[in-house]
Amino acid sequence: MVPDIEIQHLSVYFDTAQGPVYAVNDLSTIFRAGRISGVIGESGSGKSVMGMSLLRLLPNTARVTGKCFFGPHELYSMPLRQLRKLRGAAIGLIPQNPGTSLDPVMKLRRQLTEAITTHGKRSRKEAEAQAAKLLQQFGFEEPERILNQYSFQMSGGMNQRLVSALGLACRPGWVIADEPTKGLDAVIRNQVYTVLRQIYAEHHCSMIVITHDLALARRLCDDIRVLYMGQIIEQGTAEEVMEHPYHPYTAGLIYSLPSRGMVPIPLPDPNRLSHSGCPFYPRCPKATARCGKEKPGDYLLPTGGKVRCFLYE
Amino acid sequence: MNKVLELDAVSRNFTSGIFRTHTTWAVDHVSFTLERGKTFGLVGNSGCGKTTLSRIITRVLRPTSGSIRFEGEDIARLDRRQCKTYHRRVQIIFQNPEASLDPSMRIRDSLLEAMAIHHLGESKEARMEKIRATLRQVGLPDYLLSRYPHQISGGEGQRLVICRALLLEPEVLLLDEPTSMLDVSVQASIMNLLRDLQQELGLTYLYITHDIELLGWISHTIGVMQKGRLVEVGSRDQVMDAPVHPYTKELLYSYTHWEGGTIP
Ligand SMILES: Nc1ncnc2c1ncn2[C@@H]1O[C@H](COP(=O)(O)OP(=O)(O)OP(=O)(O)O)[C@@H](O)[C@H]1O
Ligand SMILES: Nc1ncnc2c1ncn2[C@@H]1O[C@H](COP(=O)(O)OP(=O)(O)O)[C@@H](O)[C@H]1O
Ligand code: SF4
Ligand SMILES: [Mg+2]
Ligand SMILES: [Mg+2]
């Protein structure tokens, strides 16, 4: 059985010359095995930092507190040597920048076969056959030709499909995909969607999909968590969150889509910047005086979702 | 009808290889007209030639054949002085704001320099006056002036690039995926800004993107490009609601339908 991923009180900050930068703020959640969980939110809301913390792939200026349980393991404190065995094998990663996650001077054949042989005890020949099969699954018609090429010879969309193939090379039970469709046009985006869906159906793997792409999240995910300033401010099924957003921030994100009106979220009100209440208070069109003084808790919705806003107390 | 920019059968090829040469027609006999005060939206998938076309319009690349007229004048025949005016009046805004701002210069100096190059403003004081007014117009606070490009967000960067373009009093803005690196919420604020500016200043836009929904929101006329060719041109409603070419239908379809996306 593939275990759940259970994060408890995760906080992450970075030591910088300007002082600490907080990226994740006391975040607790359980990602259920067997589901596709989406994480949405604006740039800088802490999505990638949360995702990378699970594989301990944050830069060494990151300070992490909290716990994360994965079956018998506690990911944040287990010896790095053991954690490396989980990376790729139990939890695969489809990283955010396809350009930088492929080695420019190594042929794709070697990169893919190495990813497969690192964990599985497979001969090189078997690994090559599996690599070719994987590429085929990802829509490359002539895998042999692709294997002899370098990543710079591929287009952006092809590279995105390649890193996806790499992330899934060892058939991990869990996959973390960080922005799998960023910058892709509609046709390639559909391909990536179809492949992720297919992998999910065939390997029954569990996924965390981090994305800016609200339409993708709606289609691909079972449930969605909305991050704002390192906190989960709303959580529910994909349909609930996208069709009936509760939190004013979630609603703001959705109504800024071209198909939903293109209405921007207001900029922070300069008079509301120093406050000790709800993180969305400076930009919230529905804020009351209380919101600037007190922090809202998580309120349960009748639909089963959760929202961190006084309006639903 | 008031024609600002007219493209007539513009083509450009690239050849590669030494022994067996291979020719790609990145842009293939493209013709269309930008009308004053309106937005022409150009849509197509990656690699279809959109950026090559915008590089030809800004004279970074020469077309292999075909011509472009700006207010009736062939842009290939401009002398040096006319060229400079052309670059002031037809400006391009790219995807990546950081790449368009000099990282070693404070924002204030970048903006002042842009104006000085084109001899705009009587004095430094007059220029600063105009800069402050334009910043307000694009919705930015004055305190950004003393910052460096790495100290501002993507959305602020894109507003600044628009501000710098406006300082030079342009006629036409070529917008090449100006919001594709931004969050949807920031994208919405930039799109609204562009629409307001068009109404206030009568600007003409060529808006380039692969996002057909976005284009539907801002365009008056839409052109659909496939492998270097313009396969369909029509009014916004015609293209969005009653597309004729199969490729346009596919583009619209892939935006709204996910299941069964074919893998080539
Ligand atoms: N190495 C670092 N040093 C300092 N601050 C950092 C570092 N990495 C991330 N941060 C900060 O942490 C916050 C969250 O970053 P993160 O990369 O998780 O955002 P994100 O939601 O993934 O955004 P995007 O959608 O742009 O990828 C941001 O404020 C960011 O500036
Ligand atoms: N300098 C170049 N040399 C060779 N091929 C090029 C060059 N620039 C563009 N191309 C090719 O021309 C086509 C169109 O490219 P481009 O205009 O950048 O597309 P878009 O902007 O629509 O993504 C692509 O097939 C691309 O590979
Ligand atoms: S708690 Fe108040 S400020 Fe925060 S989102 Fe709800 S209404 Fe807005
Ligand atoms: Mg990220
Ligand atoms: Mg381009």
# chains A, B, ... in the order shown; residues from 1 in each chain; ligands from 1
call {"tool": "interface_residues", "arguments": {"of": "chain A", "to": "chain B", "cutoff": "8 Å", "atoms": "only C-alpha atoms", "output": "number ranges by chain"}}
result
A: 42-43, 139-141, 183-187, 190-191, 193-194, 212, 219, 252-253, 256-259, 262-265
call {"tool": "residues_near_ligand", "arguments": {"ligand": "ligand 2", "cutoff": "9 Å", "atoms": "only C-alpha atoms and all ligand atoms", "output": "number ranges by chain"}}
result
A: 155; B: 12-16, 23-27, 43-55, 176, 208-210, 225-228
call {"tool": "select_by_dssp", "arguments": {"residues": "range 66-264 of chain A", "states": "helix (DSSP H, G or I)", "output": "MDAnalysis selection string"}}
result
chainID A and resid 80:86 98:101 108:117 124:137 143:147 151:153 156:167 186:203 214:220 238:243 248:255 258:260
call {"tool": "residues_near_ligand", "arguments": {"ligand": "ligand 4", "cutoff": "9 Å", "atoms": "only C-alpha atoms and all ligand atoms", "output": "JSON, numbers by chain"}}
result
{"A": [43, 44, 45, 46, 47, 48, 49, 51, 96, 178, 179, 210, 211, 212]}
call {"tool": "residues_around", "arguments": {"residues": "Lys38 in chain B", "least_positions_apart": "3", "cutoff": "8 Å", "atoms": "only C-alpha atoms", "output": "list in words"}}
result
Leu34, Glu35, Gln198, Gly202, Leu203, Thr204, Tyr205, Ser219 and His220 of chain B
call {"tool": "closest_residue", "arguments": {"among": "B:Tyr143, B:Phe94, B:Tyr148, B:Tyr247", "to": "ligand 5", "atoms": "only C-alpha atoms and all ligand atoms"}}
result
B:Phe94
call {"tool": "residues_near_ligand", "arguments": {"ligand": "ligand 3", "cutoff": "9 Å", "atoms": "only C-alpha atoms and all ligand atoms", "output": "count of residues only"}}
result
30
call {"tool": "closest_residue", "arguments": {"among": "A:Glu240, A:Asp223, A:Asp213, A:Glu142", "to": "ligand 1", "atoms": "only C-alpha atoms and all ligand atoms"}}
result
A:Asp213
call {"tool": "closest_residue", "arguments": {"among": "A:Glu74, A:Gly156, A:His9, A:Gly41", "to": "ligand 5", "atoms": "only C-alpha atoms and all ligand atoms"}}
result
A:Gly156
call {"tool": "select_by_dssp", "arguments": {"residues": "range 18-121 of chain A", "states": "strand (DSSP E or B)", "output": "PyMOL selection string"}}
result
chain A and resi 19-31+36-40+62-70+73-74+87+91-94
call {"tool": "residues_around", "arguments": {"residues": "Leu196 in chain A", "least_positions_apart": "4", "cutoff": "9 Å", "atoms": "only C-alpha atoms", "output": "list of chain:residue names"}}
result
A:Ser164, A:Gln191, A:Val192, A:Tyr200, A:Ala201, A:Leu220
call {"tool": "residues_around", "arguments": {"residues": "Ala33 in chain A", "least_positions_apart": "5", "cutoff": "10 Å", "atoms": "only C-alpha atoms", "output": "ChimeraX atom specification"}}
result
/A:1-5,173-174,204-208
call {"tool": "residues_around", "arguments": {"residues": "Met242 in chain A", "least_positions_apart": "3", "cutoff": "9 Å", "atoms": "only C-alpha atoms", "output": "ChimeraX atom specification"}}
result
/A:214-215,217-218,224,237-239,245,250-251,254
call {"tool": "residues_around", "arguments": {"residues": "Arg69 in chain B", "least_positions_apart": "4", "cutoff": "8 Å", "atoms": "only C-alpha atoms", "output": "list of chain:residue names"}}
result
B:Leu5, B:Glu6, B:Leu7, B:Glu73, B:Asp74, B:Ile75
call {"tool": "write_last_selection", "arguments": {"atoms": "N, CA, C and O atoms", "output": "mmCIF file, in the first residue's frame"}}
result
data_model
loop_
_atom_site.group_PDB
_atom_site.id
_atom_site.type_symbol
_atom_site.label_atom_id
_atom_site.label_comp_id
_atom_site.auth_asym_id
_atom_site.auth_seq_id
_atom_site.Cartn_x
_atom_site.Cartn_y
_atom_site.Cartn_z
ATOM 1 N N LEU B 5 -0.349 50.315 -40.090
ATOM 2 C CA LEU B 5 0.732 49.420 -40.513
ATOM 3 C C LEU B 5 0.134 48.400 -41.475
ATOM 4 O O LEU B 5 -0.879 47.783 -41.179
ATOM 5 N N GLU B 6 0.766 48.265 -42.639
ATOM 6 C CA GLU B 6 0.256 47.305 -43.625
ATOM 7 C C GLU B 6 1.336 46.303 -43.988
ATOM 8 O O GLU B 6 2.423 46.674 -44.430
ATOM 9 N N LEU B 7 1.027 45.035 -43.829
ATOM 10 C CA LEU B 7 1.972 43.986 -44.217
ATOM 11 C C LEU B 7 1.490 43.396 -45.529
ATOM 12 O O LEU B 7 0.318 43.050 -45.662
ATOM 13 N N GLU B 73 4.586 54.656 -45.749
ATOM 14 C CA GLU B 73 5.997 54.585 -46.143
ATOM 15 C C GLU B 73 6.529 53.163 -45.996
ATOM 16 O O GLU B 73 6.330 52.535 -44.960
ATOM 17 N N ASP B 74 7.257 52.678 -46.996
ATOM 18 C CA ASP B 74 7.891 51.366 -46.922
ATOM 19 C C ASP B 74 9.015 51.417 -45.871
ATOM 20 O O ASP B 74 9.946 52.215 -46.001
ATOM 21 N N ILE B 75 8.932 50.584 -44.838
ATOM 22 C CA ILE B 75 9.923 50.702 -43.754
ATOM 23 C C ILE B 75 11.324 50.250 -44.173
ATOM 24 O O ILE B 75 12.304 50.537 -43.495
#
call {"tool": "atom_distance", "arguments": {"atom1": "CA of Val195 in chain A", "atom2": "CA of Cys221 in chain A"}}
result
13.7 Å
call {"tool": "closest_residue", "arguments": {"among": "B:Leu144, B:Ile152, B:Leu135, B:Leu206", "to": "Arg164 in chain B", "atoms": "only C-alpha atoms"}}
result
B:Leu135
call {"tool": "atom_distance", "arguments": {"atom1": "CA of Lys85 in chain A", "atom2": "CA of Gly34 in chain A"}}
result
21.4 Å
call {"tool": "closest_residue", "arguments": {"among": "B:Ala133, B:Leu194, B:Leu120, B:Leu42", "to": "ligand 5", "atoms": "only C-alpha atoms and all ligand atoms"}}
result
B:Leu42
